[in-house]
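Each remark here refers to the structure printed beneath this line.
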Amino acid sequence: MKRCLQITLILTLFGLNFPGYTTNLDEAIVAYSKGDYATAFKYFLSRAKQNDGAAQDLVGLFYNEGLGMRKDLKSALYWYKKSAQNNNPSGQFNLATLYFRGLGTRQNYKLAFYWTKKSALQGFARGQAGLAEIYERGLGVNVDFKRARYWYQISAKKGYAYAQFRLALYYDLGKAVEKDMKRAMHWYQLAANQGHQQSKIRLRFLVSTSLKITKKIN
């Protein structure tokens, strides 16, 4: 279900259209949701060969995840790269991920940073959070918590739960920003509302601690 939503999101965001308007696209999504990966892959590959960046990203996803086929990271890299070069932000982010992890290719932080930043600058929330993490962990760049917080905030405002959680931590710990528990709880709550488990745990702890303090005061 999660992957099906991911595919639907990619199609919605980046305007992938098949000949025959939406009919073939609907068939591809239905086939995918039923686990008929071969049928879905056929449609996506057809568009990918016509230089459609969104379709190329999806073909990369099939190879990356081994959906209905043997997992093939080199082929995933090939299609993600084509998608990235066609300026598809999801493809750029996925390509960067392979470079970061050294999957299907040698690990290359420089290229990973390059493609993550390209994705982020196009407004892709996962790319923005990815760029924040690069600055936060100093992956091929100098550690920069201010820039990390900046990009987490941009991603968080787009509704990306992981970024909301990370931004909440910055306010919670007073990291690269003045400590602000009201804002921290706000972002934890937004992430928790999306089912983010770590946010739920932290939020429960903060609420519980607050109640205990209130009882002691009273």
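Chains: A, B, ... in order of the structure tokens. Residues: from 1 per chain. Ligands: from 1, in order shown.
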Within 12 Å of region 46-52 of chain A: each region 56-143 of chain A residue with its shortest pair, only C-alpha atoms, as CSV:
```
residue,atom,partner,partner_atom,distance
A:Gln56,CA,A:Ala48,CA,4.6
A:Asp57,CA,A:Ala48,CA,8.2
A:Leu58,CA,A:Ala48,CA,8.4
A:Val59,CA,A:Ala48,CA,7.2
A:Gly60,CA,A:Ala48,CA,9.7
A:Tyr78,CA,A:Ala48,CA,11.6
A:Trp79,CA,A:Ala48,CA,8.3
A:Tyr80,CA,A:Ala48,CA,10.6
A:Lys81,CA,A:Asn51,CA,11.7
A:Lys82,CA,A:Asn51,CA,8.0
A:Ser83,CA,A:Asp52,CA,7.5
A:Ala84,CA,A:Asp52,CA,10.8
A:Gln85,CA,A:Asn51,CA,10.2
A:Asn86,CA,A:Asp52,CA,7.7
A:Asn87,CA,A:Asp52,CA,10.2
A:Asn88,CA,A:Asp52,CA,9.1
A:Gly91,CA,A:Asp52,CA,11.2
```
Please provide as a VMD selection string all residues within 12 Å of Lys175 (chain A), with the sequence filter that same-chain residues fewer than 3 positions apart are discarded (counting only C-alpha atoms). chain A and resid 136 144 to 150 166 to 172 178 to 180 184
Residues from the last selection, N, CA and C atoms, saved as a short mmCIF file (atom, residue, chain, number, x, y, z; two decimals), in the first residue's frame:
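What ended up in selection.cif:
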```
data_model
loop_
_atom_site.label_atom_id
_atom_site.label_comp_id
_atom_site.auth_asym_id
_atom_site.auth_seq_id
_atom_site.Cartn_x
_atom_site.Cartn_y
_atom_site.Cartn_z
N GLU A 136 23.40 18.34 8.56
CA GLU A 136 23.35 17.93 9.97
C GLU A 136 24.45 16.93 10.31
N ASP A 144 26.63 21.91 9.51
CA ASP A 144 26.04 23.24 9.60
C ASP A 144 24.60 23.08 10.10
N PHE A 145 24.41 23.20 11.41
CA PHE A 145 23.10 22.98 12.00
C PHE A 145 22.09 24.07 11.61
N LYS A 146 22.56 25.27 11.36
CA LYS A 146 21.65 26.34 10.95
C LYS A 146 21.04 26.04 9.58
N ARG A 147 21.90 25.60 8.66
CA ARG A 147 21.37 25.24 7.34
C ARG A 147 20.49 24.00 7.43
N ALA A 148 20.87 23.08 8.29
CA ALA A 148 20.06 21.87 8.48
C ALA A 148 18.67 22.25 8.96
N ARG A 149 18.61 23.10 9.98
CA ARG A 149 17.30 23.53 10.50
C ARG A 149 16.49 24.27 9.42
N TYR A 150 17.17 25.09 8.65
CA TYR A 150 16.51 25.84 7.58
C TYR A 150 15.79 24.90 6.60
N ARG A 166 12.22 16.15 12.91
CA ARG A 166 13.58 16.68 13.09
C ARG A 166 13.54 18.16 13.50
N LEU A 167 12.66 18.92 12.91
CA LEU A 167 12.53 20.33 13.26
C LEU A 167 12.08 20.47 14.72
N ALA A 168 11.16 19.62 15.13
CA ALA A 168 10.70 19.62 16.52
C ALA A 168 11.86 19.38 17.48
N LEU A 169 12.75 18.48 17.11
CA LEU A 169 13.92 18.19 17.95
C LEU A 169 14.81 19.42 18.11
N TYR A 170 14.95 20.18 17.04
CA TYR A 170 15.78 21.38 17.10
C TYR A 170 15.22 22.37 18.13
N TYR A 171 13.90 22.57 18.10
CA TYR A 171 13.27 23.45 19.08
C TYR A 171 13.29 22.83 20.48
N ASP A 172 13.13 21.54 20.54
CA ASP A 172 13.12 20.80 21.80
C ASP A 172 14.47 20.93 22.51
N GLU A 178 16.66 29.14 19.35
CA GLU A 178 16.31 29.27 20.76
C GLU A 178 15.32 28.17 21.16
N LYS A 179 15.55 27.56 22.30
CA LYS A 179 14.68 26.48 22.77
C LYS A 179 13.25 27.00 22.89
N ASP A 180 12.31 26.26 22.31
CA ASP A 180 10.91 26.69 22.29
C ASP A 180 10.03 25.44 22.33
N ALA A 184 8.13 23.13 19.51
CA ALA A 184 8.54 21.73 19.43
C ALA A 184 7.32 20.82 19.46
#
```
Polymer residues at most 12 Å from region 66-69 of chain A, only C-alpha atoms, same-chain spacing of 6 or more positions, as a PyMOL selection string: chain A and resi 3-4+31-42+58-60+75-76
Could you please take those selected residues and save C-alpha atoms as a JSON list (two decimals), in the first residue's frame?
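After the write, result.json holds the following:
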```
[["chain", "number", "residue", "atom", "x", "y", "z"],
["A", 3, "ARG", "CA", 4.56, 1.87, -2.44],
["A", 4, "CYS", "CA", 1.26, 2.21, -4.29],
["A", 31, "ALA", "CA", -2.25, -3.65, -11.77],
["A", 32, "TYR", "CA", 0.39, -2.40, -9.36],
["A", 33, "SER", "CA", -2.01, -2.35, -6.42],
["A", 34, "LYS", "CA", -2.94, -5.97, -7.18],
["A", 35, "GLY", "CA", 0.68, -7.05, -7.27],
["A", 36, "ASP", "CA", 0.66, -7.47, -11.06],
["A", 37, "TYR", "CA", 4.02, -5.76, -11.36],
["A", 38, "ALA", "CA", 4.75, -7.10, -14.82],
["A", 39, "THR", "CA", 1.74, -5.33, -16.33],
["A", 40, "ALA", "CA", 2.42, -2.09, -14.47],
["A", 41, "PHE", "CA", 6.10, -2.18, -15.38],
["A", 42, "LYS", "CA", 5.25, -2.59, -19.07],
["A", 58, "LEU", "CA", 9.25, 4.68, -11.52],
["A", 59, "VAL", "CA", 11.18, 2.17, -13.62],
["A", 60, "GLY", "CA", 14.15, 2.89, -11.38],
["A", 75, "SER", "CA", 19.56, -0.72, -13.73],
["A", 76, "ALA", "CA", 17.94, 1.34, -10.99]]
```
So how far away is CA of Val143 (chain A) from CA of Gly174 (chain A), in Å? 16.6 Å
Computed interatomic separation between CA of Ser119 (chain A) and CA of Leu139 (chain A) (Å):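 Computing the Euclidean distance for CA of Ser119 (chain A) and CA of Leu139 (chain A) yields 16.7 Å.
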Hey, which of A:Phe205, A:Tyr188, A:Ala96, A:Ala156 ends up closest to Ala129 (chain A)? Count only C-alpha atoms.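 Closest to Ala129 (chain A) of all the choices is A:Ala156.
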Let's see if you can do this: from backbone DSSP, list all helix (DSSP H, G or I) residues in region 12-97 of chain A, as a VMD selection string. chain A and resid 12 to 14 23 to 33 37 to 48 53 to 65 73 to 85 89 to 97
Just the residues within 12 Å of Ala192 (chain A), please, counting only C-alpha atoms, with nothing from its chain fewer than 6 positions along; format it as a PDB file with C-alpha atoms, in the first residue's frame.
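Result written to selection_2.pdb:
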```
ATOM      1  CA  GLY A 159       3.946  18.365   5.442  1.00  0.00           C
ATOM      2  CA  TYR A 160       6.807  15.848   5.406  1.00  0.00           C
ATOM      3  CA  ALA A 161       6.513  14.023   8.747  1.00  0.00           C
ATOM      4  CA  TYR A 162      10.187  13.124   9.155  1.00  0.00           C
ATOM      5  CA  ALA A 163      11.200  16.758   8.636  1.00  0.00           C
ATOM      6  CA  GLN A 164       8.548  17.865  11.117  1.00  0.00           C
ATOM      7  CA  PHE A 165      10.020  15.481  13.689  1.00  0.00           C
ATOM      8  CA  ALA A 168      10.698  19.623  16.519  1.00  0.00           C
ATOM      9  CA  MET A 185       5.235  20.230  20.542  1.00  0.00           C
ATOM     10  CA  HIS A 186       3.492  21.830  17.580  1.00  0.00           C
ATOM     11  CA  GLN A 198       9.087   8.703  17.295  1.00  0.00           C
ATOM     12  CA  SER A 199       7.035  11.892  17.417  1.00  0.00           C
ATOM     13  CA  LYS A 200       4.219  10.083  19.200  1.00  0.00           C
ATOM     14  CA  ILE A 201       6.623   8.707  21.811  1.00  0.00           C
ATOM     15  CA  ARG A 202       8.308  12.060  22.425  1.00  0.00           C
ATOM     16  CA  LEU A 203       4.975  13.875  22.570  1.00  0.00           C
ATOM     17  CA  ARG A 204       3.572  11.411  25.118  1.00  0.00           C
TER      18      ARG A 204
END
```
